[in-house]
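In what follows, a single structure is set out as structure tokens and then discussed.
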Number of protein chains: 2
Amino acid sequence: MPISKGPQAFPRTEFLRRLSAVKSEMVRREVDALIVFNTHNISYLTGYTTPSGYVPEGLILSMHEEEPVFILRQMDAPAAIHQTFMSRDSILAYPEALIGTPETNGYDAIIDFLHDKGFENRGIGFELGELRFHAVTKFRTRLSNARIEDFTNLVTWIRIIKSDFEIAIMREAAAISDAAMQRAAEVIRPGVREADAVAEITATLARGTNGKPGTNIAEITLCSSPRTGTAHIRWSEDLFREGSQINIEIAGVRHGYTVPLMRTFSIGEPSERLHRVHDAHVAGMAAALETIRPGKTCSDVANAFHRTYEKYGFRKESRCGYANGIGWIEPTASFQNGDMTELKPNMTFHLMLGNWFDEDFGYMISESIRVTESGVEVLTNTPRRVFTL
Amino acid sequence: MPISKGPQAFPRTEFLRRLSAVKSEMVRREVDALIVFNTHNISYLTGYTTPSGYVPEGLILSMHEEEPVFILRQMDAPAAIHQTFMSRDSILAYPEALIGTPETNGYDAIIDFLHDKGFENRGIGFELGELRFHAVTKFRTRLSNARIEDFTNLVTWIRIIKSDFEIAIMREAAAISDAAMQRAAEVIRPGVREADAVAEITATLARGTNGKPGTNIAEITLCSSPRTGTAHIRWSEDLFREGSQINIEIAGVRHGYTVPLMRTFSIGEPSERLHRVHDAHVAGMAAALETIRPGKTCSDVANAFHRTYEKYGFRKESRCGYANGIGWIEPTASFQNGDMTELKPNMTFHLMLGNWFDEDFGYMISESIRVTESGVEVLTNTPRRVFTL
């Protein structure tokens, strides 16, 4: 029996609008086809969020067709029919015999398709930066008459400005982040293992809130003393103790949209150093948030943070955040000195002010934000304080 | 303050043995240095499991030094000092200014190091297949006098044979897989949301069992009717119903080692079709397991499955499994017709017999196995049946 379409997070018109923005760029750069490999960009253009991209797959946009064609592994085609906005004729399955073989793979199916459709001597856009070296060699060899144009990050830059539909989904994900951070505050106690706190936090990330479950579980960072100087380490089997500091970074996920949140916890009264660091970060956060509005640049936001923060006697080397949406990081704009990306309404960022001072001491605070018509919306609702347990 | 070394999953001698195996190949291919980029191979050679590899990092083996040098982002260096077997002098942090910039990145720090150490006109091995196209261009341009050798999958093939230390860790991970599948059988009931079952399953994956927590949460696949024809889709917000079939693929994780397990559940008596499919798979599984022993090939195992399975009137197109250990899949040997990899003691595989027959009907069963001196050890203990709830 054919599989039915699943509930769609966005209307068809939303996907056609997104595709239209990409096609405008295809016209400008005179390519007849564009092959999208980045799994987040495929999600953006189709609604597909199944993690099958560890084997070759590609979305092919043609200037001659309204819908793209999605070529992927046979066993994942039903998920694509179910999840995407596209008709079933637009999902092409390549045989399982192309998996686990050294010489041929799913990219050959994509190349065969391009030949069949007469693109082999036309201009074709590729997200070259998404491809492993051997894959590029294959495409160049088997499409030697095509004019290959590098479209790396083109779609990624288009998705930096969200639609209101996307913002609504991100608010749902933000509520899940809040719920999971709240759960952390309930379960972190002396004598509890880090791993058991993570069990409760991750369960909340799946259950979600307000009747909206998490649709995936993003990576969780939880570290406690003496590991708070690490930025991305996983939890351990250690017990929380009186005096432990705990740094947490989590993210609720809805339909691929990932909304991160960082906070710092203390069992017992925070140390004087942690108090000072926290005060500096909260002041720096306020300065950054006050700066965010259309017309300002990413650099302006970072420098507003740094100016305030440095008055407190601290310095932060790492960037102050990055564009985000589908997936944790959109590799486009960053809140850092010199990034002249101009802020526009409905851009979204993870304003990431975590700082790792010493090998054994770091601190985490962040907000996921939206640029509004006149300023900023913080998507989450978690208080901006050190949670003292 | 310096960060302390964390508890080590393996003794130093184990890492030196692994490095020595790699260096033998470096001698054979006359390279003075090897740069390892694959994050699982870095885990294998150092003990580092922090997921920082979304930005450039590389492990540099030199023929002139016992310990490798790990070059990674500044904010992740403390985690590397904490987790790896290496001395702190072997961890080199590159500045945060190399993050989020289009022209320069952490690969420039690796290239600078190679120049400083005089490797720039020597033979250097690279895992080229792990690198994005633009990174290879950078290495080729800035190391134009080096003889670059492709070492893709060299380390991956070395780690296909596990040590007894590794097998012990994989048994711990297997016990977590069993516990999580058991938890699934407890919580899947009519009227429960898929997402709420996942919350309980994932909590068990974090909590672990026998006092050994999961050290990471691997991806969870849970789909129920009418989506059982999908192979890798995430859960939905649907409720389980009387008559629902549920397919689950999970994996316990210990120190990077990931031990997958698939089972199929039925709320109420399984359909006659599901019964027939299950019987064919169990018979095929038995035939495959009976075939596994040193000296047989991966192809032999797949064909033992197919011969038995086809007697029941079914066919499976996808491969019957793949090598596994650190990470879900080791991209080396597969249980499929024509893969002449010879089985050796302490090779480990995910014997994956899931089959997706129709768009709306699939079935999952698998075992994670070890090749023993004389046959096979199934690492998990979950009964090989359709769980009827």
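FYI, nothing fancy with the structure tokens labels: chains A, B, ... in order, residues from 1 per chain, ligands from 1 as they appear.
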Next item on the list: Per DSSP on the backbone, filter range 155-379 of chain A down to the residues in strand (DSSP E) and report them as a ChimeraX atom specification.
Entry: /A:221-224,245-254,257-266,321-323,348-352,355-358,361-363,366-371,376-378
Note to self: DSSP on the backbone, helix (DSSP H, G or I) only: what residues of range 103-295 of chain A does that give? Format it as number ranges by chain.
What the structure shows: A: 106-116, 128-130, 133-142, 154-158, 164-187, 194-207, 272-291
Margin query: Rounded to one decimal, what separation in Å do you get between CA of Arg183 in chain A and CA of Phe387 in chain A?
Written below: 11.8 Å
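Of the listed residues (A:Met285, A:Val253, A:Ile148, A:Leu45), A:Val253 comes nearest to Met170 in chain A; the distances count only C-alpha atoms.
Straight-line separation from CA of Glu186 in chain B to CA of Thr388 in chain B: 11.0 Å.
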I'd like a table as a tab-separated table: residues in range 25-127 of chain B with an atom no more than 9 Å from range 357-374 of chain A, each row giving the shortest atom pair and its distance in Å to one decimal, only C-alpha atoms counted, sorted by chain and rising residue number.
residue	atom	partner	partner_atom	distance
B:Ala77	CA	A:Glu359	CA	8.2
B:Pro78	CA	A:Glu359	CA	5.3
B:Ala79	CA	A:Glu359	CA	8.5
B:Ile81	CA	A:Glu359	CA	8.9
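Among the candidates B:Arg12, B:Arg241, B:Arg315, B:His232, the residue lying nearest to Val192 in chain B is B:Arg241 (atoms considered: only C-alpha atoms).
Near Ala174 in chain B, within 10 Å and counting only C-alpha atoms, sit Ala168, Ile169, Met170, Arg171, Ser177, Asp178, Ala179, Ala180, Gly208, Thr209, Ala251, Gly252, Val253, Arg254, Tyr257, Thr258, Val259, Pro260, Leu261, Glu367, Ser368, Ile369, Val378, Leu379, Thr380, Asn381 and Thr382 of chain B; same-chain residues fewer than 3 positions away were not included.
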Next item on the list: Give me the residues within 7 Å of Asp150 in chain B as a ChimeraX atom specification, counting only C-alpha atoms and dropping any in the same chain fewer than 5 places off.
Entry: /B:125-128
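Using only C-alpha atoms, the smallest distance between any of A:Ile292, A:Ile161, A:Ala93, A:Leu59 and chain B comes from A:Ala93.
Counting only C-alpha atoms, the residue from A:Asn324, A:Ser24, A:Ser4, A:Thr156 that sits nearest to chain B is A:Ser4.
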Note to self: Taking 2 positions as the minimum chain separation for residues in the same chain, which residues sit within 7 Å of Asp76 in chain A when counting only C-alpha atoms? Answer as a list in words.
What the structure shows: Ser52, Leu72, Arg73, Gln74, Pro78, Ala79 and Ala80 of chain A; Thr230, Ala231 and His232 of chain B
Next item on the list: Might you pull out every residue within 7 Å of Ala304 in chain B, with only C-alpha atoms counted and same-chain residues fewer than 5 positions away left off, and present them as a count of residues only?
Entry: 3
Checklist line | All residues 10 Å or closer to range 200-202 of chain A, only C-alpha atoms, same chain fewer than 3 positions away omitted, as a PyMOL selection string | finding: (chain A and resi 177+179-188+195-197+205-208+214+217-220+250-252) or (chain B and resi 198-207+217)
